[in-house]
Structure formats: structure tokens, C-alpha cells
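Content type compact mmCIF, C-alpha atoms, from the file start_24.txt:
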# COMPACT_ATOMS: atom_id res chain seq x y z
CA GLN A 1 147.43 -3.93 151.70
CA GLU A 2 147.53 -6.87 149.27
CA GLU A 3 143.92 -6.21 148.31
CA VAL A 4 144.63 -2.51 147.67
CA CYS A 5 147.61 -3.53 145.53
CA ARG A 6 145.41 -5.93 143.53
CA ILE A 7 142.70 -3.30 142.94
CA ILE A 8 145.16 -0.62 141.82
CA ASN A 9 147.14 -2.96 139.57
CA TYR A 10 143.92 -4.17 137.96
CA ASN A 11 142.80 -0.63 137.21
CA VAL A 12 146.24 0.24 135.80
CA GLU A 13 146.06 -2.84 133.60
CA GLN A 14 142.60 -1.90 132.30
CA GLU A 15 143.67 1.71 131.67
CA CYS A 16 146.72 0.53 129.71
CA ASN A 17 144.47 -1.68 127.56
CA SER A 18 143.57 1.37 125.45
CA PHE A 19 147.19 1.46 124.23
CA LEU A 20 147.40 -2.24 123.37
CA ARG A 21 146.36 -4.03 120.19
CA GLU A 22 145.70 -7.24 122.14
CA LYS A 23 143.61 -6.35 125.17
CA VAL A 24 143.95 -8.08 128.53
CA LEU A 25 140.49 -9.45 129.29
CA ASP A 26 139.14 -10.02 132.77
CA TRP A 27 139.60 -13.77 132.61
CA GLN A 28 143.24 -13.24 131.51
CA SER A 29 144.04 -10.71 134.23
CA LEU A 30 146.33 -11.75 137.07
CA TYR A 31 144.50 -9.37 139.39
CA GLN A 32 140.85 -10.22 138.72
CA SER A 33 139.24 -12.92 140.82
CA GLN A 34 136.05 -14.93 140.49
CA THR A 35 135.84 -15.28 144.25
CA ILE A 36 136.27 -11.59 145.03
CA PRO A 37 135.73 -9.78 141.71
CA ILE A 38 136.85 -6.18 141.27
CA PRO A 39 133.90 -4.16 139.91
CA ARG A 40 134.14 -2.16 136.70
CA PHE A 41 132.27 1.12 136.45
CA VAL A 42 130.98 2.94 133.38
CA PRO A 43 133.58 5.54 132.24
CA VAL A 44 132.54 9.15 132.79
CA ASP A 45 135.11 10.63 130.39
CA SER A 46 137.86 9.50 128.01
CA SER A 47 139.59 7.60 130.82
CA VAL A 48 138.63 4.04 131.72
CA ASN A 49 138.88 4.44 135.50
CA PHE A 50 140.28 6.58 138.31
CA ILE A 51 143.92 5.86 137.41
CA GLY A 52 143.42 7.38 133.97
CA ARG A 53 141.60 10.40 135.41
CA LEU A 54 144.40 10.93 137.92
CA ALA A 55 147.01 10.78 135.15
CA GLN A 56 145.05 13.24 133.00
CA GLU A 57 144.73 15.67 135.90
CA ILE A 58 148.49 15.56 136.52
CA LEU A 59 149.07 16.28 132.84
CA ARG A 60 146.59 19.14 132.95
CA ILE A 61 148.17 20.98 135.86
CA THR A 62 151.68 20.53 134.39
CA ASP A 63 150.68 21.44 130.83
CA THR A 64 153.69 22.85 128.96
CA ARG A 65 151.49 25.53 127.38
CA HIS A 66 150.81 27.12 130.76
CA THR A 67 153.65 26.04 133.06
CA ILE A 68 157.45 25.98 133.21
CA PHE A 69 159.48 23.30 135.01
CA VAL A 70 162.38 24.58 137.15
CA GLU A 71 164.80 21.72 137.70
CA GLN A 72 166.59 23.31 140.69
CA MET A 73 163.28 23.52 142.55
CA SER A 74 161.77 20.31 141.12
CA ALA A 75 158.58 22.29 140.63
CA TRP A 76 156.29 23.68 137.93
CA TYR A 77 155.48 27.41 137.81
CA ASP A 78 152.69 29.26 136.03
CA LYS A 79 154.00 31.19 133.01
CA ARG A 80 151.82 34.24 133.56
CA THR A 81 151.81 34.67 137.34
CA ASN A 82 155.11 32.93 138.19
CA GLN A 83 153.26 31.18 141.02
CA GLU A 84 154.24 27.67 142.04
CA VAL A 85 151.73 25.14 140.69
CA VAL A 86 153.24 21.74 141.50
CA ASN A 87 156.05 20.86 143.90
CA LEU A 88 157.43 17.81 145.68
CA LYS A 89 154.49 17.74 148.09
CA LEU A 90 152.20 16.55 145.29
CA TRP A 91 154.07 13.24 144.96
CA GLU A 92 154.04 12.73 148.72
CA GLN A 93 150.27 13.31 148.75
CA LEU A 94 149.82 10.93 145.83
CA GLN A 95 151.74 8.25 147.69
CA GLY A 96 149.52 8.80 150.71
CA ALA A 97 146.43 8.46 148.53
CA VAL A 98 147.25 5.56 146.18
CA ASP A 99 150.36 4.16 147.90
CA ILE A 100 153.49 2.95 146.12
CA PHE A 101 151.42 0.68 143.87
CA GLY A 102 149.57 3.71 142.52
CA LEU A 103 152.78 5.64 141.82
CA THR A 104 154.37 2.71 139.99
CA GLY A 105 151.10 2.21 138.11
CA LEU A 106 151.07 5.86 137.01
CA ASP A 107 154.67 5.50 135.85
CA HIS A 108 153.68 2.43 133.86
CA LEU A 109 150.76 4.30 132.28
CA PHE A 110 152.95 7.29 131.38
CA CYS A 111 155.34 4.89 129.60
CA TYR A 112 152.50 3.80 127.33
CA MET A 113 151.63 7.43 126.66
CA ILE A 114 155.22 8.18 125.61
CA VAL A 115 155.26 5.26 123.20
CA GLN A 116 151.96 6.44 121.75
CA GLN A 117 153.45 9.92 121.20
CA LEU A 118 156.44 8.39 119.42
CA GLN A 119 154.19 6.33 117.17
CA THR A 120 152.06 9.40 116.40
CA PHE A 121 155.15 11.36 115.37
CA LEU A 122 156.46 8.55 113.16
CA ARG A 123 153.12 8.22 111.38
CA TYR A 124 152.86 11.98 110.87
CA PHE A 125 156.47 12.31 109.68
CA LYS A 126 156.07 9.37 107.29
CA ARG A 127 152.94 10.93 105.75
CA ALA A 128 154.71 14.29 105.46
CA LEU A 129 157.63 12.71 103.59
CA GLU A 130 155.30 10.78 101.29
CA LYS A 131 153.29 13.89 100.42
CA ASN A 132 156.23 16.21 99.91
CA LYS A 133 159.36 14.63 98.45
CA GLN A 134 161.15 17.95 98.88
CA TYR A 135 161.55 17.16 102.58
CA VAL A 136 163.57 14.05 101.71
CA SER A 137 166.09 15.94 99.60
CA LEU A 138 166.31 18.72 102.21
CA LEU A 139 167.00 16.27 105.02
CA LYS A 140 169.63 14.46 102.94
CA GLN A 141 171.25 17.80 102.21
CA PHE A 142 171.17 18.71 105.90
CA LYS A 143 172.65 15.30 106.81
CA GLU A 144 175.68 16.06 104.65
CA ILE A 145 176.12 19.41 106.39
CA ILE A 146 176.15 17.93 109.91
CA LYS A 147 177.82 14.58 109.13
CA GLU A 148 180.81 15.54 111.30
CA PRO A 149 179.25 16.38 114.68
CA GLU A 150 182.62 17.11 116.32
CA THR A 151 183.12 20.16 114.06
CA LEU A 152 181.06 23.35 113.92
CA VAL A 153 178.92 24.02 110.87
CA ALA A 154 180.26 26.83 108.74
CA ASP A 155 177.76 29.70 108.56
CA ALA A 156 175.45 27.83 110.93
CA THR A 157 172.86 30.62 111.08
CA LYS A 158 172.30 30.47 107.33
CA GLU A 159 172.25 26.66 107.09
CA TYR A 160 169.96 26.03 110.08
CA GLY A 161 167.72 28.96 109.18
CA PHE A 162 167.25 27.62 105.66
CA ILE A 163 166.20 24.15 106.88
CA VAL A 164 163.89 25.57 109.56
CA GLN A 165 162.19 27.82 107.02
CA LYS A 166 161.70 25.09 104.42
CA CYS A 167 160.36 22.56 106.94
CA SER A 168 158.26 25.05 108.90
CA LYS A 169 155.03 23.10 108.27
CA ILE A 170 156.17 20.06 110.25
CA TRP A 171 157.71 21.90 113.22
CA GLY A 172 154.36 22.67 114.88
CA PRO A 173 153.18 19.05 115.37
CA TYR A 174 156.77 17.97 116.05
CA LEU A 175 157.13 20.54 118.85
CA ASP A 176 153.80 19.52 120.42
CA ILE A 177 154.85 15.87 120.55
CA VAL A 178 158.34 16.61 121.89
CA MET A 179 156.93 18.90 124.59
CA ARG A 180 154.38 16.26 125.68
CA MET A 181 157.05 13.53 125.84
CA GLY A 182 159.33 15.83 127.83
CA GLN A 183 156.47 16.58 130.21
CA LEU A 184 155.80 12.86 130.72
CA GLN A 185 159.47 12.10 131.29
CA LEU A 186 159.79 14.89 133.87
CA ILE A 187 156.77 13.52 135.73
CA ARG A 188 158.27 10.03 135.67
CA CYS A 189 161.53 11.40 137.10
CA GLN A 190 159.61 13.02 139.96
CA ILE A 191 157.75 9.76 140.65
CA ALA A 192 161.04 7.83 140.70
CA ASN A 193 162.51 10.41 143.08
CA GLN A 194 159.56 10.01 145.45
CA LEU A 195 159.79 6.22 145.34
CA ARG A 196 163.54 6.34 145.98
CA LYS A 197 163.13 8.74 148.90
CA SER A 198 160.34 6.66 150.38
CA SER A 199 162.27 3.38 150.12
CA ARG A 200 165.39 4.90 151.73
CA PHE A 201 163.42 6.31 154.65
CA ASP A 202 160.90 3.51 155.20
CA SER A 203 162.95 0.49 154.17
CA LYS A 204 166.62 1.40 154.18
CA LEU A 205 167.89 -2.19 154.38
CA LEU A 206 165.79 -3.31 151.41
CA SER A 207 166.85 -0.28 149.36
CA ASN A 208 170.55 -0.89 150.08
CA ALA A 209 170.22 -4.60 149.37
CA LEU A 210 168.57 -3.97 145.99
CA GLN A 211 171.16 -1.37 145.05
CA THR A 212 174.04 -3.67 146.00
CA PHE A 213 172.51 -6.63 144.19
CA ASN A 214 171.94 -4.55 141.06
CA GLN A 215 175.53 -3.27 141.04
CA SER A 216 176.87 -6.79 141.61
CA LEU A 217 174.77 -8.16 138.77
CA LEU A 218 175.91 -5.46 136.35
CA SER A 219 179.55 -5.99 137.38
CA ALA A 220 179.23 -9.75 136.79
CA ILE A 221 177.74 -9.18 133.31
CA GLU A 222 180.47 -6.67 132.45
CA ALA A 223 183.15 -9.08 133.65
CA HIS A 224 181.69 -11.85 131.50
CA TYR A 225 181.83 -9.77 128.32
CA ARG A 226 185.37 -8.64 129.11
CA ASP A 227 186.43 -12.25 129.63
CA PRO A 228 184.02 -15.02 128.48
CA ALA A 229 185.72 -17.37 130.95
CA ASN A 230 183.77 -15.64 133.71
CA PRO A 231 180.31 -17.19 134.06
CA TYR A 232 177.27 -15.22 132.96
CA PRO A 233 174.74 -14.58 135.76
CA GLY A 234 172.03 -17.19 135.34
CA GLY A 235 174.21 -19.67 133.42
CA LYS A 236 173.55 -18.73 129.77
CA ASP A 237 174.20 -15.58 127.73
CA ASP A 238 170.59 -15.41 126.56
CA ASP A 239 169.13 -16.16 130.00
CA ASN A 240 168.15 -12.77 131.41
CA SER A 241 165.48 -14.10 133.76
CA LEU A 242 167.38 -12.80 136.78
CA MET A 243 167.33 -9.24 135.44
CA TYR A 244 163.65 -9.55 134.50
CA GLU A 245 162.81 -10.60 138.04
CA LEU A 246 164.94 -7.87 139.61
CA THR A 247 163.64 -4.99 137.46
CA PRO A 248 160.18 -4.64 139.09
CA TYR A 249 161.81 -4.41 142.52
CA LEU A 250 164.23 -1.72 141.34
CA GLU A 251 161.44 0.29 139.72
CA THR A 252 159.26 0.06 142.82
CA ALA A 253 162.16 1.26 144.97
CA GLY A 254 162.90 4.12 142.57
CA LEU A 255 166.34 2.74 141.71
CA SER A 256 165.86 2.98 137.95
CA ASP A 257 166.57 5.86 135.59
CA PRO A 258 163.42 6.79 133.63
CA LEU A 259 165.46 8.70 131.04
CA SER A 260 167.53 5.59 130.21
CA LYS A 261 164.61 3.21 129.84
CA VAL A 262 163.88 1.85 126.36
CA LEU A 263 160.14 1.73 125.66
CA LYS A 264 158.48 -0.61 123.18
CA LEU A 265 154.76 -1.22 122.62
CA PHE A 266 153.65 -4.68 121.51

Write the structure described by the file as C-alpha cells, please.
Amino acid sequence: QEEVCRIINYNVEQECNSFLREKVLDWQSLYQSQTIPIPRFVPVDSSVNFIGRLAQEILRITDTRHTIFVEQMSAWYDKRTNQEVVNLKLWEQLQGAVDIFGLTGLDHLFCYMIVQQLQTFLRYFKRALEKNKQYVSLLKQFKEIIKEPETLVADATKEYGFIVQKCSKIWGPYLDIVMRMGQLQLIRCQIANQLRKSSRFDSKLLSNALQTFNQSLLSAIEAHYRDPANPYPGGKDDDNSLMYELTPYLETAGLSDPLSKVLKLF
């Protein structure tokens, strides 16, 4: 099992290299070994290895252009035929194929894809503002209209319709990026659900221990900021090593919230 974990983590690391400015080379990898080296094969498509191809296939069958996600069923349905395309069984089968390490690796890879989508939107939006200064004045005007979010906009149909019409050129790419990020986040939520279910069935004591430890740690941090006389977990306010060490265990057990995670690409 340790060897399978090493192979999968290495392939995830190499697949994620395409999103990094500073690549992780073989001699820098924690998973590569000179004694028992993991072979690298020539890519057959845009993906580096099987982890990338698996991720692309999941994205293909849950494509927002052809499918609709129904939250109550936790499943994707075909838009034309209304037939179920993906359900909870897919994640169980994936776990059986690539184990928990593969699911957490896919989640890690999808995080990089989301950050890439955000960066693509920011670059596109920045170019659009630089080319057409009219967008800047329109957005400033719209900001003044909605500056009080607790109150309704007077004649909302007219105001929103005017902004949508004037900025129609940027809505297409914006919608594509938002739909892709939503698709990735939904997939990550399903992966976390499968990991959480698996940990509670297969390792109930570990799951409960992690959940209790996490709640205790958060309570201790909250108590410290309410009253500085209470010690901070770890000894110093800037020492978050305990949380850094706990996070991988929580993510592997599915005890994290993908929608609350802050993503940053270095």
C-alpha cells in the first residue's frame, strides 16, 4: 500500500507541475527513489500521466455544456435525454481503482485547475479594461448603484439590464470560466463526501478523533483571541505548524470544506 501511495503521489506531483512556475524535478521529489525509481512514460495527449487523463475524463463526462447537476441526487444528468450520467457510484469505483491517495490527488489537481481559471479570468478582465476604458466608468457607476447591499435597487430591471447590455462582450468568457470553476468545485465536494463516508465506515475511531481534535484546536484558537491570557496552541501566535500538520489528515478523511478553502498558486 505504501508503494501504491508513493506512485500515485508522484504522478499527481508531476501532473501539477504544469501549473507551477518552478517545477518539481525528479531529484527534488519526495516520492521518487534512486533505489526503486518510478518510470515516466511519454505523454499520449495533453496530460502528463494517467492522473491527468483521469481528471480530464471526469471533466468531460460532467461538462456543463451537456449536463446538469442535481444537488438533491448528487448526480449529473444529460440535458437532452434527462438520463443520469454520473452518480455517487462513480466516486466509489474511483476509490476502488486508485484508492484514497488517488482521490486526494485528484482533489489536489482540481485545486490547481481552479486557480488557473481564476488567473485566466483576471488576465482577460485586465486586458478588457485596458482596451475599453468605458468598462471602468460603467463599473464605477454600477458600484454606486449597489453600494448599499441591504436595500433593493430602485428600478432594478432597468439598471441591471443596462449594465448587462453594455458589458455583453465580456460575459461570454466570464460565464465559461465561472461554469468551469463551479464544475470543479462540485466535483471536489463529491470527492470530499466519498472520503468522509469511507473514513466513517472503515475507520470510525480515527475519523472521530480527527474531528474532535480539529474542534478542540479551533476552540483553543478562538479562546486565545477572545482573551490573550489563554495560551495559543503551539506556543506562539505565528506558529501554525500544528494546523499545517493536521490539515492533510483532515483532507484525507474528508473533514474539510472544499467551498471554504482559499487557493493560492505560487

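Note that the spacing between atom CA of Gln116 of chain A and atom CA of Ile58 of chain A amounts to 17.7 Å.
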
Spatial neighbours of segment 134-142 of chain A, 12 Å, only C-alpha atoms, chain gap at least 5 places, as a ChimeraX atom specification: /A:125-129,147-148,153,156,158-170

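Nearest to His66 of chain A of all the residues A:Ile191, A:Val85, A:Phe50, A:Leu109 is A:Val85, based on all atoms listed in the file.
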
task: Take atom CA of Gln83 of chain A and atom CA of Ile177 of chain A and report the distance between them in Å, one decimal.
output: 25.6 Å

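Rounded to one decimal, atom CA of Cys5 of chain A and atom CA of Ile61 of chain A lie 26.4 Å from each other.
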
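Ranking A:Leu175, A:Leu59, A:Leu250, A:Val24 by their shortest atom-to-atom distance to Leu206 of chain A, with only C-alpha atoms included, puts A:Leu250 first.
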
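Closest approach to Val4 of chain A from the set A:Ala192, A:Leu217, A:Ala55, A:Ile38 is made by A:Ile38, with distances taken over only C-alpha atoms.
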
Nearest-residue call for Met73 of chain A, choices A:Ile114, A:Leu122, A:Val86, A:Val48, using all atoms listed in the file: A:Val86

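Each of A:Gln72, A:Gln183, A:Leu88, A:Tyr249 was checked against Ser207 of chain A using only C-alpha atoms; the smallest atom-to-atom distance is that of A:Tyr249.
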
- request: Compute the distance from (152.4, -2.5, 138.7) to each atom, counting all atoms listed in the file, keep the residues with any atom at most 12 Å away, and return them as a VMD selection string; use the coordinates of the file.
  value: chain A and resid 4 to 16 30 to 31 51 99 to 109 247 to 249 251 to 252

- prompt: With distances taken over all atoms listed in the file, which of A:Leu54, A:Tyr124, A:Val70, A:Gln119 is nearest to Gly172 of chain A?
  reply: A:Tyr124

Centre, x/y/z edge lengths, axis-aligned box for segment 214-221 of chain A with 5 Å per side, as JSON:
{"center_x": 175.7, "center_y": -6.5, "center_z": 137.5, "size_x": 17.6, "size_y": 16.5, "size_z": 18.3}

Write segment 92-103 of chain A as a JSON list (two decimals), in the frame of the given file, completed to all heavy atoms.
[["chain", "number", "residue", "atom", "x", "y", "z"],
["A", 92, "GLU", "N", 154.24, 13.29, 147.38],
["A", 92, "GLU", "CA", 154.04, 12.73, 148.72],
["A", 92, "GLU", "C", 152.55, 12.50, 148.98],
["A", 92, "GLU", "O", 152.16, 11.48, 149.55],
["A", 92, "GLU", "CB", 154.61, 13.69, 149.77],
["A", 92, "GLU", "CG", 156.12, 13.85, 149.71],
["A", 92, "GLU", "CD", 156.63, 14.85, 150.72],
["A", 92, "GLU", "OE1", 155.79, 15.40, 151.47],
["A", 92, "GLU", "OE2", 157.85, 15.08, 150.77],
["A", 93, "GLN", "N", 151.72, 13.46, 148.56],
["A", 93, "GLN", "CA", 150.27, 13.31, 148.75],
["A", 93, "GLN", "C", 149.71, 12.18, 147.89],
["A", 93, "GLN", "O", 148.82, 11.44, 148.33],
["A", 93, "GLN", "CB", 149.59, 14.63, 148.42],
["A", 93, "GLN", "CG", 149.89, 15.74, 149.40],
["A", 93, "GLN", "CD", 149.40, 17.10, 148.95],
["A", 93, "GLN", "OE1", 149.00, 17.26, 147.79],
["A", 93, "GLN", "NE2", 149.43, 18.08, 149.83],
["A", 94, "LEU", "N", 150.26, 12.03, 146.70],
["A", 94, "LEU", "CA", 149.82, 10.93, 145.83],
["A", 94, "LEU", "C", 150.17, 9.59, 146.46],
["A", 94, "LEU", "O", 149.37, 8.65, 146.43],
["A", 94, "LEU", "CB", 150.48, 11.04, 144.45],
["A", 94, "LEU", "CG", 149.83, 11.98, 143.45],
["A", 94, "LEU", "CD1", 150.66, 12.05, 142.18],
["A", 94, "LEU", "CD2", 148.41, 11.54, 143.12],
["A", 95, "GLN", "N", 151.36, 9.49, 147.04],
["A", 95, "GLN", "CA", 151.74, 8.25, 147.69],
["A", 95, "GLN", "C", 150.82, 7.95, 148.87],
["A", 95, "GLN", "O", 150.45, 6.80, 149.10],
["A", 95, "GLN", "CB", 153.19, 8.30, 148.16],
["A", 95, "GLN", "CG", 153.66, 7.00, 148.80],
["A", 95, "GLN", "CD", 155.10, 7.05, 149.23],
["A", 95, "GLN", "OE1", 155.86, 7.91, 148.80],
["A", 95, "GLN", "NE2", 155.49, 6.15, 150.11],
["A", 96, "GLY", "N", 150.45, 9.00, 149.60],
["A", 96, "GLY", "CA", 149.52, 8.80, 150.71],
["A", 96, "GLY", "C", 148.15, 8.37, 150.25],
["A", 96, "GLY", "O", 147.43, 7.67, 150.98],
["A", 97, "ALA", "N", 147.76, 8.78, 149.04],
["A", 97, "ALA", "CA", 146.43, 8.46, 148.53],
["A", 97, "ALA", "C", 146.36, 7.09, 147.85],
["A", 97, "ALA", "O", 145.44, 6.31, 148.11],
["A", 97, "ALA", "CB", 145.98, 9.55, 147.55],
["A", 98, "VAL", "N", 147.31, 6.81, 146.97],
["A", 98, "VAL", "CA", 147.25, 5.56, 146.18],
["A", 98, "VAL", "C", 148.41, 4.63, 146.47],
["A", 98, "VAL", "O", 148.57, 3.60, 145.80],
["A", 98, "VAL", "CB", 147.19, 5.88, 144.66],
["A", 98, "VAL", "CG1", 145.92, 6.58, 144.31],
["A", 98, "VAL", "CG2", 148.41, 6.70, 144.22],
["A", 99, "ASP", "N", 149.24, 4.99, 147.45],
["A", 99, "ASP", "CA", 150.36, 4.16, 147.90],
["A", 99, "ASP", "C", 151.40, 3.99, 146.79],
["A", 99, "ASP", "O", 151.30, 4.57, 145.72],
["A", 99, "ASP", "CB", 149.85, 2.79, 148.38],
["A", 99, "ASP", "CG", 150.70, 2.24, 149.52],
["A", 99, "ASP", "OD1", 151.92, 2.41, 149.49],
["A", 99, "ASP", "OD2", 150.13, 1.65, 150.47],
["A", 100, "ILE", "N", 152.40, 3.18, 147.07],
["A", 100, "ILE", "CA", 153.49, 2.95, 146.12],
["A", 100, "ILE", "C", 152.98, 2.27, 144.86],
["A", 100, "ILE", "O", 153.44, 2.53, 143.76],
["A", 100, "ILE", "CB", 154.59, 2.10, 146.79],
["A", 100, "ILE", "CG1", 155.29, 2.93, 147.88],
["A", 100, "ILE", "CG2", 155.61, 1.63, 145.77],
["A", 100, "ILE", "CD1", 156.29, 2.17, 148.68],
["A", 101, "PHE", "N", 151.97, 1.38, 145.03],
["A", 101, "PHE", "CA", 151.42, 0.68, 143.87],
["A", 101, "PHE", "C", 150.82, 1.67, 142.88],
["A", 101, "PHE", "O", 150.93, 1.50, 141.66],
["A", 101, "PHE", "CB", 150.36, -0.33, 144.31],
["A", 101, "PHE", "CG", 150.69, -1.05, 145.58],
["A", 101, "PHE", "CD1", 149.93, -0.86, 146.72],
["A", 101, "PHE", "CD2", 151.79, -1.89, 145.66],
["A", 101, "PHE", "CE1", 150.24, -1.50, 147.91],
["A", 101, "PHE", "CE2", 152.11, -2.54, 146.84],
["A", 101, "PHE", "CZ", 151.33, -2.34, 147.97],
["A", 102, "GLY", "N", 150.16, 2.69, 143.40],
["A", 102, "GLY", "CA", 149.57, 3.71, 142.52],
["A", 102, "GLY", "C", 150.62, 4.51, 141.79],
["A", 102, "GLY", "O", 150.46, 4.81, 140.59],
["A", 103, "LEU", "N", 151.71, 4.87, 142.47],
["A", 103, "LEU", "CA", 152.78, 5.64, 141.82],
["A", 103, "LEU", "C", 153.46, 4.82, 140.73],
["A", 103, "LEU", "O", 153.71, 5.32, 139.63],
["A", 103, "LEU", "CB", 153.82, 6.08, 142.86],
["A", 103, "LEU", "CG", 153.43, 7.23, 143.80],
["A", 103, "LEU", "CD1", 154.54, 7.51, 144.79],
["A", 103, "LEU", "CD2", 153.10, 8.48, 143.00]]
